[in-house]
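Asks: If you scroll down you'll find the structure; I have some questions about it.
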Amino acid sequence: MKKTGFYIIKDKFFEDINDPYLKSNKEGNRPHYYCFEDTNIGIYWMIPLSSRIDKYKRIMDRKEKSGKPCDILHIAKLDDSRESAFLIQDMFPITEEYIEREYTIAGNHLMLTSEHTVKEIEQKARKVIGMLKRGIKFTPTQPDVMAILEKLRMHR
């Protein structure tokens, strides 16, 4: 797997993990962004994407107006020149066996090529993972990433 690449996840992952709050696979059409690897344990952290930009911009604006940083979301223009919302608060761990394929556009693997954007998303994601590991919840509909992590570790 290539870091900063987009991937399609196998339906089997969603069946095996069975967390009601994981963002659905949309029949294999929802790309997930590969953010970084937990190197010691072969676990990859994936961030689901959404095309519902207006919805997530409103959430970000509300947070920023109340003086809070918005580390749980990031909106960026991808190399296919469309804006996408990175749902950092819904990120989850996965192992390589659950990756279906690269997410491609016209046969090319979609990658996030802006180093600045990569850095911003990774900083937010590391902050969010730290909070998730301390049991902080951002939304009532958040996947239980610690339970998913435990299931994946037991499968190794």
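We label chains A, B, ... in the order they appear in the structure tokens, count residues from 1 in each chain, and number ligands from 1 in the order shown.
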Write out as a list in words which residues come within 7 Å of Gln89 in chain A when counting only C-alpha atoms, dropping same-chain ones fewer than 4 positions away.
Replies: Ile72, Leu73, Val128 and Phe138 of chain A
Asks: Take the residues from that selection and write them out as a PDB file, in the first residue's frame, keeping C-alpha atoms.
Replies:
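Output file again06.pdb follows:
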```pdb
ATOM      1  CA  ILE A  72     -12.036  16.129  13.141  1.00  0.00           C
ATOM      2  CA  LEU A  73     -12.637  17.203   9.522  1.00  0.00           C
ATOM      3  CA  VAL A 128      -7.588  12.611  16.844  1.00  0.00           C
ATOM      4  CA  PHE A 138     -16.534  13.287  18.942  1.00  0.00           C
TER       5      PHE A 138
END
```
Asks: Measuring atom to atom with only C-alpha atoms, identify which of A:Lys55, A:His155, A:Lys133, A:Lys63 is nearest to Leu87 in chain A.
Replies: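 Nearest candidate to Leu87 in chain A out of A:Lys55, A:His155, A:Lys133, A:Lys63: A:Lys55.
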Asks: Restricting the calculation to only C-alpha atoms, which member of A:Gly107, A:Gly42, A:Pro143, A:Gly135 is positioned closest to Ile88 in chain A?
Replies: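 Closest residue, counting only C-alpha atoms: A:Pro143.
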Asks: When DSSP is applied to the backbone of this structure, which of chain A are assigned strand (DSSP E)? Write them out as JSON, numbers by chain.
Replies: {"A": [6, 7, 8, 9, 32, 33, 34, 35, 36, 37, 38, 43, 44, 45, 46, 47, 48, 49, 50, 74, 75, 76, 77, 83, 84, 85, 86, 92, 93, 94, 99, 100, 101, 102, 104, 105, 108, 109]}
Asks: Using the selection just defined, write its residues with N, CA and C atoms as an mmCIF file, in the first residue's frame.
Replies:
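The resulting file, again_15.cif, is reproduced below:
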```cif
data_model
loop_
_atom_site.group_PDB
_atom_site.id
_atom_site.type_symbol
_atom_site.label_atom_id
_atom_site.label_comp_id
_atom_site.auth_asym_id
_atom_site.auth_seq_id
_atom_site.Cartn_x
_atom_site.Cartn_y
_atom_site.Cartn_z
ATOM 1 N N PHE A 6 -5.490 6.411 -2.170
ATOM 2 C CA PHE A 6 -6.894 6.155 -1.872
ATOM 3 C C PHE A 6 -7.210 4.712 -2.250
ATOM 4 N N TYR A 7 -8.016 4.057 -1.420
ATOM 5 C CA TYR A 7 -8.286 2.635 -1.602
ATOM 6 C C TYR A 7 -9.762 2.320 -1.414
ATOM 7 N N ILE A 8 -10.159 1.209 -2.012
ATOM 8 C CA ILE A 8 -11.497 0.656 -1.807
ATOM 9 C C ILE A 8 -11.329 -0.521 -0.849
ATOM 10 N N ILE A 9 -12.187 -0.582 0.140
ATOM 11 C CA ILE A 9 -12.110 -1.606 1.175
ATOM 12 C C ILE A 9 -13.109 -2.716 0.872
ATOM 13 N N HIS A 32 -11.293 5.490 0.530
ATOM 14 C CA HIS A 32 -10.735 5.749 1.852
ATOM 15 C C HIS A 32 -9.285 6.170 1.659
ATOM 16 N N TYR A 33 -8.878 7.142 2.443
ATOM 17 C CA TYR A 33 -7.528 7.692 2.352
ATOM 18 C C TYR A 33 -6.627 6.969 3.342
ATOM 19 N N TYR A 34 -5.492 6.470 2.848
ATOM 20 C CA TYR A 34 -4.528 5.804 3.719
ATOM 21 C C TYR A 34 -3.625 6.867 4.334
ATOM 22 N N CYS A 35 -3.798 7.066 5.619
ATOM 23 C CA CYS A 35 -3.108 8.154 6.309
ATOM 24 C C CYS A 35 -1.729 7.736 6.825
ATOM 25 N N PHE A 36 -1.686 6.724 7.682
ATOM 26 C CA PHE A 36 -0.401 6.232 8.166
ATOM 27 C C PHE A 36 -0.545 4.847 8.759
ATOM 28 N N GLU A 37 0.632 4.244 9.022
ATOM 29 C CA GLU A 37 0.676 2.874 9.512
ATOM 30 C C GLU A 37 1.130 2.879 10.969
ATOM 31 N N ASP A 38 0.516 2.006 11.772
ATOM 32 C CA ASP A 38 1.024 1.700 13.107
ATOM 33 C C ASP A 38 2.112 0.673 12.863
ATOM 34 N N ILE A 43 -0.886 -2.309 11.146
ATOM 35 C CA ILE A 43 -2.247 -1.767 11.098
ATOM 36 C C ILE A 43 -2.185 -0.438 10.348
ATOM 37 N N TYR A 44 -3.115 -0.264 9.434
ATOM 38 C CA TYR A 44 -3.181 0.971 8.648
ATOM 39 C C TYR A 44 -4.379 1.783 9.123
ATOM 40 N N TRP A 45 -4.219 3.095 9.162
ATOM 41 C CA TRP A 45 -5.317 3.980 9.558
ATOM 42 C C TRP A 45 -5.905 4.608 8.305
ATOM 43 N N MET A 46 -7.209 4.422 8.127
ATOM 44 C CA MET A 46 -7.907 4.882 6.936
ATOM 45 C C MET A 46 -8.918 5.962 7.322
ATOM 46 N N ILE A 47 -9.045 6.943 6.452
ATOM 47 C CA ILE A 47 -10.000 8.031 6.671
ATOM 48 C C ILE A 47 -11.044 7.974 5.555
ATOM 49 N N PRO A 48 -12.328 7.804 5.911
ATOM 50 C CA PRO A 48 -13.353 7.806 4.867
ATOM 51 C C PRO A 48 -13.522 9.206 4.276
ATOM 52 N N LEU A 49 -13.945 9.245 3.025
ATOM 53 C CA LEU A 49 -14.184 10.523 2.350
ATOM 54 C C LEU A 49 -15.676 10.705 2.131
ATOM 55 N N SER A 50 -16.065 11.959 1.993
ATOM 56 C CA SER A 50 -17.447 12.270 1.660
ATOM 57 C C SER A 50 -17.453 13.379 0.628
ATOM 58 N N HIS A 74 -11.479 17.670 7.463
ATOM 59 C CA HIS A 74 -10.583 18.451 6.611
ATOM 60 C C HIS A 74 -11.160 18.422 5.204
ATOM 61 N N ILE A 75 -11.230 19.570 4.578
ATOM 62 C CA ILE A 75 -11.743 19.630 3.209
ATOM 63 C C ILE A 75 -10.583 20.026 2.303
ATOM 64 N N ALA A 76 -10.414 19.257 1.231
ATOM 65 C CA ALA A 76 -9.308 19.524 0.322
ATOM 66 C C ALA A 76 -9.710 19.190 -1.104
ATOM 67 N N LYS A 77 -9.054 19.856 -2.034
ATOM 68 C CA LYS A 77 -9.256 19.561 -3.449
ATOM 69 C C LYS A 77 -8.293 18.424 -3.808
ATOM 70 N N GLU A 83 -13.548 18.691 -4.728
ATOM 71 C CA GLU A 83 -13.340 18.817 -3.284
ATOM 72 C C GLU A 83 -13.888 17.579 -2.595
ATOM 73 N N SER A 84 -13.180 17.150 -1.554
ATOM 74 C CA SER A 84 -13.652 16.030 -0.744
ATOM 75 C C SER A 84 -13.488 16.381 0.718
ATOM 76 N N ALA A 85 -14.393 15.840 1.533
ATOM 77 C CA ALA A 85 -14.277 16.019 2.979
ATOM 78 C C ALA A 85 -13.629 14.761 3.551
ATOM 79 N N PHE A 86 -12.542 14.945 4.274
ATOM 80 C CA PHE A 86 -11.876 13.858 4.976
ATOM 81 C C PHE A 86 -12.527 13.773 6.351
ATOM 82 N N PHE A 92 -10.469 4.794 11.002
ATOM 83 C CA PHE A 92 -10.464 3.486 11.658
ATOM 84 C C PHE A 92 -9.238 2.692 11.219
ATOM 85 N N PRO A 93 -8.862 1.699 12.038
ATOM 86 C CA PRO A 93 -7.729 0.846 11.687
ATOM 87 C C PRO A 93 -8.178 -0.299 10.779
ATOM 88 N N ILE A 94 -7.234 -0.822 9.996
ATOM 89 C CA ILE A 94 -7.525 -1.928 9.081
ATOM 90 C C ILE A 94 -6.221 -2.673 8.802
ATOM 91 N N ILE A 99 -8.020 -4.772 2.090
ATOM 92 C CA ILE A 99 -7.996 -3.786 1.006
ATOM 93 C C ILE A 99 -8.379 -4.490 -0.292
ATOM 94 N N GLU A 100 -9.430 -3.990 -0.922
ATOM 95 C CA GLU A 100 -9.907 -4.570 -2.182
ATOM 96 C C GLU A 100 -8.969 -4.207 -3.331
ATOM 97 N N ARG A 101 -8.745 -2.878 -3.494
ATOM 98 C CA ARG A 101 -7.939 -2.409 -4.624
ATOM 99 C C ARG A 101 -7.654 -0.917 -4.447
ATOM 100 N N GLU A 102 -6.797 -0.431 -5.319
ATOM 101 C CA GLU A 102 -6.533 1.011 -5.364
ATOM 102 C C GLU A 102 -7.774 1.694 -5.927
ATOM 103 N N THR A 104 -9.095 4.181 -8.378
ATOM 104 C CA THR A 104 -8.510 4.750 -9.584
ATOM 105 C C THR A 104 -9.491 5.642 -10.323
ATOM 106 N N ILE A 105 -8.938 6.586 -11.058
ATOM 107 C CA ILE A 105 -9.715 7.434 -11.965
ATOM 108 C C ILE A 105 -9.020 7.339 -13.310
ATOM 109 N N ASN A 108 -5.761 5.468 -13.258
ATOM 110 C CA ASN A 108 -4.644 5.951 -12.426
ATOM 111 C C ASN A 108 -5.031 5.928 -10.952
ATOM 112 N N HIS A 109 -4.120 5.410 -10.122
ATOM 113 C CA HIS A 109 -4.338 5.370 -8.680
ATOM 114 C C HIS A 109 -4.407 6.812 -8.160
#
```
Asks: Within 10 Å of Glu120 in chain A, counting only C-alpha atoms, which residues qualify if same-chain residues fewer than 4 places away don't, as an NGL selection string?
Replies: :A and (71 or 74 or 115-116 or 124-125)
Asks: List the neighbours of Gln142 in chain A out to 10 Å using only C-alpha atoms; skip same-chain residues closer than 5 positions along the sequence, and give me the result as number ranges by chain.
Replies: A: 19-23, 89-92, 137
Asks: Mind giving me the straight-line distance from CA of Phe14 in chain A to CA of Asp79 in chain A in Å, one decimal?
Replies: 27.6 Å
Asks: Residues of chain A in helix (DSSP H, G or I) according to DSSP, as an MDAnalysis selection string?
Replies: chainID A and resid 11:17 39:41 53:65 88:90 96:98 115:133 145:155
